[in-house]
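Enquirer: What follows is target.txt, made up of compact mmCIF, C-alpha atoms:
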```txt
# COMPACT_ATOMS: atom_id res chain seq x y z
CA MET R 1 28.33 -30.27 -0.21
CA ASN R 2 27.04 -31.73 -3.46
CA SER R 3 24.36 -30.02 -5.49
CA SER R 4 22.55 -30.79 -8.73
CA VAL R 5 20.95 -28.31 -11.09
CA ILE R 6 18.35 -29.78 -13.44
CA THR R 7 18.33 -28.44 -17.00
CA PHE R 8 15.03 -28.69 -18.85
CA PRO R 9 14.65 -27.70 -22.49
CA GLY R 10 14.08 -23.96 -22.16
CA SER R 11 15.81 -23.48 -18.80
CA ASN R 12 17.98 -20.38 -18.99
CA CYS R 13 19.13 -19.67 -15.43
CA ASP R 14 20.73 -23.07 -14.99
CA ARG R 15 24.29 -21.89 -15.72
CA ASP R 16 23.93 -18.79 -13.53
CA MET R 17 22.84 -21.11 -10.74
CA ASP R 18 25.84 -23.36 -11.41
CA VAL R 19 28.18 -20.34 -11.11
CA ALA R 20 26.49 -19.20 -7.90
CA LEU R 21 26.57 -22.62 -6.22
CA LYS R 22 30.24 -23.16 -7.10
CA LYS R 23 31.19 -19.68 -5.92
CA PHE R 24 29.94 -20.50 -2.43
CA GLY R 25 31.51 -23.93 -2.21
CA PHE R 26 29.05 -26.45 -3.63
CA LYS R 27 30.34 -29.21 -5.88
CA ASN R 28 27.69 -28.85 -8.52
CA LYS R 29 26.59 -31.20 -11.29
CA MET R 30 24.31 -30.33 -14.19
CA VAL R 31 21.61 -32.93 -14.75
CA TRP R 32 19.62 -33.29 -17.98
CA HIS R 33 15.82 -33.61 -17.74
CA ASN R 34 15.86 -36.94 -19.62
CA ASP R 35 18.19 -38.56 -17.10
CA ILE R 36 16.60 -41.01 -14.75
CA GLU R 37 18.92 -40.97 -11.76
CA LEU R 38 19.98 -38.04 -9.63
CA PRO R 39 23.64 -37.85 -8.63
CA ARG R 40 24.18 -38.00 -4.88
CA SER R 41 23.09 -34.53 -3.75
CA ASP R 42 22.63 -32.48 -0.61
CA LEU R 43 20.66 -29.95 -2.62
CA VAL R 44 18.73 -30.16 -5.88
CA VAL R 45 17.92 -26.93 -7.70
CA LEU R 46 15.23 -26.42 -10.33
CA PRO R 47 16.38 -23.27 -12.12
CA GLY R 48 14.52 -20.42 -13.80
CA GLY R 49 13.65 -20.18 -17.46
CA PHE R 50 10.86 -21.21 -19.77
CA SER R 51 10.86 -25.00 -19.61
CA TYR R 52 9.03 -26.55 -22.56
CA GLY R 53 8.23 -23.06 -23.84
CA ASP R 54 5.76 -22.54 -20.96
CA TYR R 55 3.30 -24.65 -23.00
CA LEU R 56 -0.07 -25.51 -21.43
CA ARG R 57 0.79 -23.94 -18.05
CA CYS R 58 4.23 -22.81 -16.84
CA GLY R 59 6.07 -25.77 -15.37
CA SER R 60 3.35 -28.32 -16.20
CA MET R 61 5.33 -30.26 -18.81
CA ALA R 62 8.59 -30.16 -16.86
CA SER R 63 6.80 -31.51 -13.78
CA LYS R 64 6.16 -34.74 -15.75
CA SER R 65 9.65 -35.14 -17.22
CA LYS R 66 11.76 -38.25 -16.48
CA ILE R 67 14.13 -36.76 -13.91
CA MET R 68 11.23 -35.36 -11.88
CA LYS R 69 10.33 -38.83 -10.62
CA SER R 70 13.72 -39.00 -8.92
CA VAL R 71 13.44 -35.39 -7.73
CA ILE R 72 10.00 -36.10 -6.22
CA ASN R 73 11.33 -39.24 -4.46
CA PHE R 74 14.36 -37.28 -3.22
CA ALA R 75 12.11 -34.49 -1.92
CA LYS R 76 9.65 -36.86 -0.28
CA SER R 77 12.46 -38.59 1.58
CA GLY R 78 13.53 -35.25 3.06
CA GLY R 79 16.07 -34.08 0.44
CA LYS R 80 16.48 -30.32 0.02
CA VAL R 81 14.92 -29.04 -3.17
CA LEU R 82 15.06 -25.38 -4.18
CA GLY R 83 12.98 -24.06 -7.08
CA ILE R 84 13.66 -20.58 -8.42
CA CYS R 85 11.13 -18.81 -10.67
CA ASN R 86 10.21 -21.43 -13.32
CA GLY R 87 11.57 -23.97 -10.81
CA PHE R 88 8.95 -22.74 -8.32
CA GLN R 89 6.27 -23.17 -11.01
CA ILE R 90 7.51 -26.74 -11.62
CA LEU R 91 7.32 -27.49 -7.88
CA VAL R 92 3.68 -26.37 -7.59
CA GLU R 93 2.75 -28.23 -10.79
CA SER R 94 4.34 -31.41 -9.47
CA GLY R 95 2.34 -31.11 -6.26
CA LEU R 96 5.41 -30.78 -4.03
CA LEU R 97 4.34 -27.28 -2.99
CA PRO R 98 0.83 -25.93 -2.42
CA GLY R 99 -0.87 -23.37 -4.66
CA VAL R 100 -0.25 -22.19 -8.18
CA LEU R 101 1.39 -19.26 -9.98
CA LEU R 102 -1.01 -17.29 -12.14
CA ARG R 103 -0.35 -14.67 -14.78
CA ASN R 104 0.77 -11.36 -13.23
CA LYS R 105 -2.16 -9.18 -12.24
CA TYR R 106 -1.47 -6.42 -14.78
CA LEU R 107 -0.55 -8.87 -17.58
CA GLU R 108 2.99 -7.57 -17.94
CA PHE R 109 6.34 -9.33 -17.78
CA ILE R 110 8.07 -7.84 -14.73
CA CYS R 111 11.84 -7.55 -14.65
CA LYS R 112 13.19 -5.49 -11.76
CA ASN R 113 14.83 -5.49 -8.38
CA ILE R 114 12.50 -5.96 -5.42
CA PHE R 115 12.76 -6.53 -1.67
CA VAL R 116 11.54 -9.59 0.16
CA LYS R 117 10.96 -9.99 3.86
CA ILE R 118 11.99 -13.33 5.29
CA ASN R 119 8.98 -14.69 7.15
CA ASP R 120 10.36 -17.82 8.73
CA MET R 121 13.87 -18.63 9.93
CA ASN R 122 13.11 -22.01 11.40
CA ASN R 123 14.23 -23.89 8.29
CA PRO R 124 17.46 -24.94 6.52
CA TYR R 125 17.28 -22.11 3.98
CA PHE R 126 17.07 -19.02 6.19
CA LYS R 127 18.20 -20.19 9.64
CA ASN R 128 20.92 -17.84 11.00
CA ILE R 129 20.58 -15.40 8.11
CA LYS R 130 21.88 -11.97 9.08
CA LYS R 131 19.26 -9.82 7.34
CA ASN R 132 15.47 -9.66 7.60
CA THR R 133 14.94 -8.28 4.13
CA LEU R 134 16.85 -9.12 0.97
CA LYS R 135 17.18 -7.16 -2.25
CA LEU R 136 16.73 -9.66 -5.08
CA HIS R 137 15.72 -9.66 -8.73
CA ILE R 138 12.49 -10.88 -10.31
CA ALA R 139 11.83 -11.60 -13.98
CA HIS R 140 8.54 -13.33 -14.66
CA ASN R 141 5.18 -13.26 -16.36
CA GLU R 142 3.45 -15.79 -14.10
CA GLY R 143 4.40 -15.08 -10.50
CA ASN R 144 1.02 -14.23 -9.05
CA TYR R 145 0.74 -16.72 -6.20
CA PHE R 146 -2.71 -18.11 -5.62
CA CYS R 147 -4.29 -20.88 -3.58
CA SER R 148 -7.69 -21.71 -2.12
CA ASN R 149 -8.87 -20.11 1.13
CA ASP R 150 -8.46 -23.42 2.97
CA GLN R 151 -4.93 -23.83 1.64
CA ILE R 152 -3.85 -20.30 2.51
CA LYS R 153 -5.04 -20.81 6.08
CA GLU R 154 -3.17 -24.10 6.26
CA ILE R 155 0.14 -22.74 4.95
CA ASP R 156 -0.18 -19.69 7.18
CA ASP R 157 -0.85 -21.84 10.26
CA ASN R 158 2.12 -24.08 9.44
CA ASP R 159 4.49 -21.12 8.85
CA GLN R 160 4.99 -22.30 5.27
CA ILE R 161 5.20 -18.80 3.83
CA ALA R 162 8.92 -18.26 3.25
CA LEU R 163 9.07 -14.78 1.74
CA PHE R 164 6.81 -11.77 1.32
CA TYR R 165 7.33 -8.98 -1.21
CA SER R 166 8.02 -5.92 0.93
CA ASP R 167 9.65 -2.53 0.89
CA GLU R 168 13.27 -1.94 1.88
CA VAL R 169 12.56 -2.00 5.61
CA GLY R 170 10.18 -4.95 5.50
CA ASN R 171 6.73 -3.34 5.29
CA ILE R 172 4.37 -5.67 3.48
CA ASN R 173 1.79 -3.70 1.53
CA ASN R 174 0.06 -3.31 -1.83
CA ILE R 175 2.70 -0.95 -3.17
CA SER R 176 5.44 -3.53 -2.64
CA ASN R 177 3.41 -6.29 -4.32
CA PRO R 178 4.69 -6.43 -7.91
CA ASN R 179 2.40 -9.08 -9.40
CA GLY R 180 -0.81 -9.39 -7.40
CA SER R 181 0.35 -12.36 -5.30
CA MET R 182 -2.00 -13.39 -2.55
CA LYS R 183 -0.77 -11.84 0.75
CA ASN R 184 2.38 -10.62 -1.09
CA ILE R 185 3.73 -14.18 -1.13
CA ALA R 186 7.07 -14.49 -2.96
CA GLY R 187 8.08 -17.97 -1.74
CA VAL R 188 6.63 -20.99 0.09
CA PHE R 189 7.83 -24.16 1.78
CA ASN R 190 6.29 -27.59 1.98
CA LYS R 191 5.09 -28.62 5.42
CA GLU R 192 8.43 -30.19 6.39
CA LYS R 193 10.36 -27.17 5.01
CA ASN R 194 12.88 -29.18 3.01
CA ILE R 195 11.38 -27.83 -0.22
CA LEU R 196 11.47 -24.11 -1.03
CA GLY R 197 10.00 -22.42 -4.08
CA MET R 198 10.54 -18.70 -4.68
CA MET R 199 10.04 -16.32 -7.59
CA PRO R 200 13.06 -14.00 -6.91
CA HIS R 201 16.48 -14.96 -8.27
CA PRO R 202 19.22 -15.03 -5.60
CA GLU R 203 21.72 -16.26 -8.24
CA ARG R 204 21.48 -12.87 -9.95
CA MET R 205 22.69 -11.07 -6.82
CA ILE R 206 26.06 -12.60 -6.14
CA ASP R 207 28.36 -10.01 -7.60
CA PRO R 208 28.61 -6.31 -6.65
CA ALA R 209 29.69 -5.55 -10.22
CA LEU R 210 26.41 -6.92 -11.56
CA SER R 211 23.66 -5.84 -9.22
CA GLY R 212 24.06 -6.65 -5.58
CA GLU R 213 25.17 -9.13 -3.01
CA ASP R 214 22.09 -10.17 -1.09
CA GLY R 215 22.08 -13.41 -3.09
CA SER R 216 25.57 -14.06 -1.68
CA ILE R 217 24.15 -13.77 1.83
CA PHE R 218 21.52 -16.36 0.90
CA PHE R 219 23.95 -18.91 -0.62
CA GLU R 220 26.63 -18.47 2.04
CA ASN R 221 24.06 -19.02 4.76
CA LEU R 222 22.53 -21.98 2.92
CA ILE R 223 25.77 -23.91 2.54
CA ASN R 224 26.65 -23.27 6.18
CA ASN R 225 23.26 -24.59 7.25
CA LEU R 226 23.65 -27.73 5.14
CA LYS R 227 27.15 -28.56 6.43
CA MET C 228 -12.98 -41.44 -31.29
CA LYS C 229 -12.63 -37.70 -30.91
CA VAL C 230 -13.18 -36.34 -27.41
CA SER C 231 -13.63 -32.60 -26.84
CA VAL C 232 -12.74 -31.02 -23.53
CA ILE C 233 -12.97 -27.48 -22.25
CA ILE C 234 -10.93 -26.20 -19.33
CA THR C 235 -12.17 -23.13 -17.49
CA LEU C 236 -10.87 -21.13 -14.57
CA LYS C 237 -12.72 -21.67 -11.31
CA LYS C 238 -15.10 -18.93 -10.27
CA ASP C 239 -12.97 -17.30 -7.58
CA VAL C 240 -9.79 -17.22 -9.70
CA LEU C 241 -8.91 -13.85 -11.18
CA ASP C 242 -8.88 -13.86 -15.00
CA PRO C 243 -7.09 -10.68 -16.07
CA GLN C 244 -7.09 -11.71 -19.74
CA GLY C 245 -10.84 -12.18 -19.73
CA LYS C 246 -11.16 -8.79 -18.08
CA VAL C 247 -9.07 -7.04 -20.75
CA ILE C 248 -11.00 -8.78 -23.55
CA HIS C 249 -14.21 -7.61 -21.88
CA GLN C 250 -12.97 -4.03 -21.70
CA THR C 251 -11.86 -4.10 -25.34
CA LEU C 252 -15.21 -5.45 -26.55
CA ASP C 253 -16.87 -2.80 -24.42
CA GLY C 254 -14.79 -0.15 -26.17
CA MET C 255 -15.82 -1.58 -29.55
CA GLY C 256 -19.45 -1.01 -28.72
CA PHE C 257 -20.42 -4.43 -27.35
CA ASP C 258 -21.64 -2.89 -24.15
CA GLY C 259 -24.05 -5.58 -22.99
CA ILE C 260 -21.42 -7.94 -21.54
CA ASP C 261 -21.53 -8.84 -17.86
CA GLU C 262 -18.34 -10.89 -17.70
CA ILE C 263 -15.88 -12.79 -19.90
CA ARG C 264 -13.86 -15.79 -18.72
CA GLN C 265 -11.18 -17.19 -21.00
CA GLY C 266 -10.59 -20.94 -21.17
CA LYS C 267 -8.91 -23.69 -23.19
CA TYR C 268 -10.32 -26.22 -25.64
CA PHE C 269 -8.79 -29.59 -26.56
CA GLU C 270 -9.73 -32.10 -29.26
CA ILE C 271 -8.25 -35.46 -28.42
CA ASP C 272 -8.25 -38.13 -31.11
CA ILE C 273 -8.05 -41.38 -29.23
CA LYS C 274 -7.79 -44.99 -30.46
CA GLU C 275 -10.40 -46.29 -28.03
CA ILE C 276 -13.77 -46.74 -29.77
CA ASP C 277 -15.90 -47.30 -26.68
CA LYS C 278 -17.29 -43.89 -25.72
CA LYS C 279 -17.35 -44.49 -21.98
CA LYS C 280 -13.81 -45.88 -21.85
CA ALA C 281 -12.50 -43.05 -24.04
CA GLU C 282 -14.08 -40.44 -21.79
CA THR C 283 -12.71 -42.10 -18.66
CA GLU C 284 -9.23 -42.01 -20.16
CA VAL C 285 -9.56 -38.35 -21.13
CA GLU C 286 -10.78 -37.59 -17.63
CA GLU C 287 -7.54 -39.10 -16.29
CA MET C 288 -5.56 -36.91 -18.70
CA CYS C 289 -7.41 -33.86 -17.41
CA LYS C 290 -6.71 -34.70 -13.80
CA LYS C 291 -3.05 -35.52 -14.37
CA LEU C 292 -1.97 -32.90 -16.89
CA LEU C 293 -4.48 -30.91 -18.92
CA ALA C 294 -6.07 -29.09 -15.97
CA ASN C 295 -4.61 -27.82 -12.72
CA LEU C 296 -7.42 -28.58 -10.33
CA VAL C 297 -6.29 -25.89 -7.89
CA ILE C 298 -7.54 -23.25 -10.30
CA GLU C 299 -9.29 -24.98 -13.20
CA ASN C 300 -12.32 -27.14 -13.93
CA TYR C 301 -12.59 -29.50 -16.89
CA LYS C 302 -15.66 -30.64 -18.78
CA ILE C 303 -15.94 -33.22 -21.53
CA ILE C 304 -18.35 -31.61 -23.95
CA GLY C 305 -18.63 -34.30 -26.59
CA SER C 306 -17.25 -37.52 -28.07
CA GLN C 307 -17.82 -38.88 -31.52
```
Show me, as structure tokens, the structure contained in the file I just sent.
Expert:
Amino acid sequence: MNSSVITFPGSNCDRDMDVALKKFGFKNKMVWHNDIELPRSDLVVLPGGFSYGDYLRCGSMASKSKIMKSVINFAKSGGKVLGICNGFQILVESGLLPGVLLRNKYLEFICKNIFVKINDMNNPYFKNIKKNTLKLHIAHNEGNYFCSNDQIKEIDDNDQIALFYSDEVGNINNISNPNGSMKNIAGVFNKEKNILGMMPHPERMIDPALSGEDGSIFFENLINNLK
Amino acid sequence: MKVSVIITLKKDVLDPQGKVIHQTLDGMGFDGIDEIRQGKYFEIDIKEIDKKKAETEVEEMCKKLLANLVIENYKIIGSQ
């Protein structure tokens, strides 16, 4: 399985993602934002960070960078694209995913472990996954998912909500909502479910010595699904 | 030609920064405020000298980059 991680100026989770993908068997290539062509890939990852210093709106500048034209074409022809954190913000700014990520409700940068409940397993990212809830890490200032009432109904009807912030056993409530996200949304798909954007960082949970291994479950399952 | 644009959050979008600014002004004694909404202001110096054409071009910029129409509105407030 070939993967590509795009590095924008200001990306800072790109190398962690590279380590994670390689650990679970991907042949990964790093791709610079100014490149025009994508290497042949089964998966393209937009990593976390602060692309272009978060100027204007998070992800807005990166969504217009040269490589994004190829990423958008790849995604629109059914290619798997995964955006983590700032990568999720880039995906909504490029119009590949619905909605937008606003400043966190209580105006604070949040950096902590959280739980997410997997909402939909009928997709290449979570099909066959062994757990219903995952313990992952979030670190963001703008993760407060928002979209119009019409849009929220549409993504709900199409099962496009990928992940909800929840407690350890999967209860979705106000207490488990770290940032004010509409309906506790932590990740969404496009309609065809080949594109996933999520705020939590699975690449930070691939080593028991660091923090946990629920990210390993995610990557192991993902590469098996793509094979 | 210089075109001025303001970008504001749509009505139903939460503006926590505006809320905090409101509370702070309240605490300073400005207690007659109903609501504060924070926005952005751009001055775009553009080569085009025809006002209508310049504004059309800036409108395109707003739609494509300066504003995110899911949550924001834009308004050209002057060109000279």
Enquirer: Using all atoms listed in the file, select each residue of chain C with any atom at most 12 Å away from an atom of chain R, and give the selection as a PyMOL selection string.
Expert: chain C and resi 234+236-247+266-269+289-299
Enquirer: Where does stretch 56-152 of chain R meet stretch 28-37 of chain R within 12 Å, residue by residue, with the nearest atom pair and distance in Å to one decimal for each, counting only C-alpha atoms, listed by chain and rising number, as JSON lines?
Expert:
```
{"residue": "R:Met61", "atom": "CA", "partner": "R:His33", "partner_atom": "CA", "distance": 11.1}
{"residue": "R:Ala62", "atom": "CA", "partner": "R:His33", "partner_atom": "CA", "distance": 8.1}
{"residue": "R:Ser63", "atom": "CA", "partner": "R:His33", "partner_atom": "CA", "distance": 10.1}
{"residue": "R:Lys64", "atom": "CA", "partner": "R:His33", "partner_atom": "CA", "distance": 9.9}
{"residue": "R:Ser65", "atom": "CA", "partner": "R:His33", "partner_atom": "CA", "distance": 6.4}
{"residue": "R:Lys66", "atom": "CA", "partner": "R:Asn34", "partner_atom": "CA", "distance": 5.3}
{"residue": "R:Ile67", "atom": "CA", "partner": "R:Ile36", "partner_atom": "CA", "distance": 5.0}
{"residue": "R:Met68", "atom": "CA", "partner": "R:His33", "partner_atom": "CA", "distance": 7.6}
{"residue": "R:Lys69", "atom": "CA", "partner": "R:Ile36", "partner_atom": "CA", "distance": 7.8}
{"residue": "R:Ser70", "atom": "CA", "partner": "R:Glu37", "partner_atom": "CA", "distance": 6.2}
{"residue": "R:Val71", "atom": "CA", "partner": "R:Glu37", "partner_atom": "CA", "distance": 8.8}
{"residue": "R:Ile72", "atom": "CA", "partner": "R:Glu37", "partner_atom": "CA", "distance": 11.6}
{"residue": "R:Asn73", "atom": "CA", "partner": "R:Glu37", "partner_atom": "CA", "distance": 10.7}
{"residue": "R:Phe74", "atom": "CA", "partner": "R:Glu37", "partner_atom": "CA", "distance": 10.4}
```
Enquirer: For the selection just defined, write its residues with C-alpha atoms to a file, as a CSV table (one decimal), keeping the file's coordinate frame.
Expert:
```
chain,number,residue,atom,x,y,z
R,61,MET,CA,5.3,-30.3,-18.8
R,62,ALA,CA,8.6,-30.2,-16.9
R,63,SER,CA,6.8,-31.5,-13.8
R,64,LYS,CA,6.2,-34.7,-15.8
R,65,SER,CA,9.6,-35.1,-17.2
R,66,LYS,CA,11.8,-38.2,-16.5
R,67,ILE,CA,14.1,-36.8,-13.9
R,68,MET,CA,11.2,-35.4,-11.9
R,69,LYS,CA,10.3,-38.8,-10.6
R,70,SER,CA,13.7,-39.0,-8.9
R,71,VAL,CA,13.4,-35.4,-7.7
R,72,ILE,CA,10.0,-36.1,-6.2
R,73,ASN,CA,11.3,-39.2,-4.5
R,74,PHE,CA,14.4,-37.3,-3.2
```
Enquirer: Quick one: residues within 10 Å of R:Glu220, all atoms listed in the file counted, chain neighbours fewer than 5 positions away excluded, as a PyMOL selection string?
Expert: chain R and resi 20-21+23-25+129+214-215+225
Enquirer: For the residues selected in the previous step, produce a file with C-alpha atoms as a PDB file, in the coordinates of the input.
Expert:
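After the write, result27.pdb holds the following:
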```
ATOM      1  CA  ALA R  20      26.490 -19.200  -7.900  1.00  0.00           C
ATOM      2  CA  LEU R  21      26.570 -22.620  -6.220  1.00  0.00           C
ATOM      3  CA  LYS R  23      31.190 -19.680  -5.920  1.00  0.00           C
ATOM      4  CA  PHE R  24      29.940 -20.500  -2.430  1.00  0.00           C
ATOM      5  CA  GLY R  25      31.510 -23.930  -2.210  1.00  0.00           C
ATOM      6  CA  ILE R 129      20.580 -15.400   8.110  1.00  0.00           C
ATOM      7  CA  ASP R 214      22.090 -10.170  -1.090  1.00  0.00           C
ATOM      8  CA  GLY R 215      22.080 -13.410  -3.090  1.00  0.00           C
ATOM      9  CA  ASN R 225      23.260 -24.590   7.250  1.00  0.00           C
TER      10      ASN R 225
END
```
Enquirer: For a cut-off of 8 Å around (14.7, -24.6, -21.8), file coordinates, pick out all residues using only C-alpha atoms and list them as an MDAnalysis selection string.
Expert: chainID R and resid 7:12 49:53
Enquirer: So how many Å separate atom CA of R:His137 and atom CA of R:Lys112, to one decimal?
Expert: 5.7 Å
Enquirer: Mind giving me the straight-line distance from atom CA of R:Leu222 to atom CA of R:Lys127 in Å, one decimal?
Expert: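 According to the coordinates, atom CA of R:Leu222 and atom CA of R:Lys127 are separated by 8.2 Å.
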Enquirer: Quick one: of C:Asp277, C:Glu262, C:Glu282, C:Asp253, who's nearest to C:Val230, counting all atoms listed in the file?
Expert: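 When distances to C:Val230 are compared using all atoms listed in the file, the smallest one comes from C:Glu282.
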Enquirer: Would you compute the distance between atom CA of R:Val169 and atom CA of R:Asn113? Give it in Å to one decimal.
Expert: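 Separation of atom CA of R:Val169 and atom CA of R:Asn113: 14.6 Å.
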Enquirer: Considering all atoms listed in the file, state which residue in the set R:Leu43, R:Met121, R:Leu136, R:Leu97 is at the smallest distance from R:Met1.
Expert: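 Closest residue, counting all atoms listed in the file: R:Leu43.
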Enquirer: If we count all atoms listed in the file, what is near C:Ile276 at a cut-off of 12 Å, once residues fewer than 6 positions away on the same chain are taken out, given as a ChimeraX atom specification?
Expert: /C:228-230,282,284,306-307
Enquirer: Write out as a ChimeraX atom specification each polymer residue whose atoms come within 8 Å of R:Glu168, counting all atoms listed in the file; drop sequence neighbours fewer than 3 positions from it.
Expert: /R:115,133,135,171
Enquirer: Take the residues from that selection and put them in a file with C-alpha atoms, as a PDB file, in the coordinates of the input.
Expert:
```
ATOM      1  CA  PHE R 115      12.760  -6.530  -1.670  1.00  0.00           C
ATOM      2  CA  THR R 133      14.940  -8.280   4.130  1.00  0.00           C
ATOM      3  CA  LYS R 135      17.180  -7.160  -2.250  1.00  0.00           C
ATOM      4  CA  ASN R 171       6.730  -3.340   5.290  1.00  0.00           C
TER       5      ASN R 171
END
```
Enquirer: Can stretch 70-82 of chain R be brought up to N, CA and C atoms and written out as a PDB file, keeping the file's coordinate frame?
Expert:
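Wrote out_33.pdb, looks like this:
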```pdb
ATOM      1  N   SER R  70      12.646 -38.895  -9.921  1.00  0.00           N
ATOM      2  CA  SER R  70      13.720 -39.000  -8.920  1.00  0.00           C
ATOM      3  C   SER R  70      13.721 -37.789  -7.994  1.00  0.00           C
ATOM      4  N   VAL R  71      13.458 -36.603  -8.559  1.00  0.00           N
ATOM      5  CA  VAL R  71      13.440 -35.390  -7.730  1.00  0.00           C
ATOM      6  C   VAL R  71      12.316 -35.488  -6.695  1.00  0.00           C
ATOM      7  N   ILE R  72      11.153 -35.978  -7.139  1.00  0.00           N
ATOM      8  CA  ILE R  72      10.000 -36.100  -6.220  1.00  0.00           C
ATOM      9  C   ILE R  72      10.324 -37.116  -5.109  1.00  0.00           C
ATOM     10  N   ASN R  73      10.939 -38.257  -5.483  1.00  0.00           N
ATOM     11  CA  ASN R  73      11.330 -39.240  -4.460  1.00  0.00           C
ATOM     12  C   ASN R  73      12.334 -38.651  -3.476  1.00  0.00           C
ATOM     13  N   PHE R  74      13.326 -37.931  -4.039  1.00  0.00           N
ATOM     14  CA  PHE R  74      14.360 -37.280  -3.220  1.00  0.00           C
ATOM     15  C   PHE R  74      13.704 -36.308  -2.243  1.00  0.00           C
ATOM     16  N   ALA R  75      12.775 -35.499  -2.752  1.00  0.00           N
ATOM     17  CA  ALA R  75      12.110 -34.490  -1.920  1.00  0.00           C
ATOM     18  C   ALA R  75      11.255 -35.150  -0.846  1.00  0.00           C
ATOM     19  N   LYS R  76      10.556 -36.209  -1.243  1.00  0.00           N
ATOM     20  CA  LYS R  76       9.650 -36.860  -0.280  1.00  0.00           C
ATOM     21  C   LYS R  76      10.408 -37.609   0.804  1.00  0.00           C
ATOM     22  N   SER R  77      11.688 -37.938   0.522  1.00  0.00           N
ATOM     23  CA  SER R  77      12.460 -38.590   1.580  1.00  0.00           C
ATOM     24  C   SER R  77      13.271 -37.564   2.372  1.00  0.00           C
ATOM     25  N   GLY R  78      12.924 -36.279   2.213  1.00  0.00           N
ATOM     26  CA  GLY R  78      13.530 -35.250   3.060  1.00  0.00           C
ATOM     27  C   GLY R  78      14.657 -34.468   2.405  1.00  0.00           C
ATOM     28  N   GLY R  79      14.993 -34.791   1.148  1.00  0.00           N
ATOM     29  CA  GLY R  79      16.070 -34.080   0.440  1.00  0.00           C
ATOM     30  C   GLY R  79      15.701 -32.616   0.214  1.00  0.00           C
ATOM     31  N   LYS R  80      16.730 -31.752   0.217  1.00  0.00           N
ATOM     32  CA  LYS R  80      16.480 -30.320   0.020  1.00  0.00           C
ATOM     33  C   LYS R  80      16.312 -30.022  -1.462  1.00  0.00           C
ATOM     34  N   VAL R  81      15.182 -29.425  -1.785  1.00  0.00           N
ATOM     35  CA  VAL R  81      14.920 -29.040  -3.170  1.00  0.00           C
ATOM     36  C   VAL R  81      14.564 -27.562  -3.210  1.00  0.00           C
ATOM     37  N   LEU R  82      15.287 -26.821  -4.045  1.00  0.00           N
ATOM     38  CA  LEU R  82      15.060 -25.380  -4.180  1.00  0.00           C
ATOM     39  C   LEU R  82      14.615 -25.083  -5.605  1.00  0.00           C
TER      40      LEU R  82
END
```
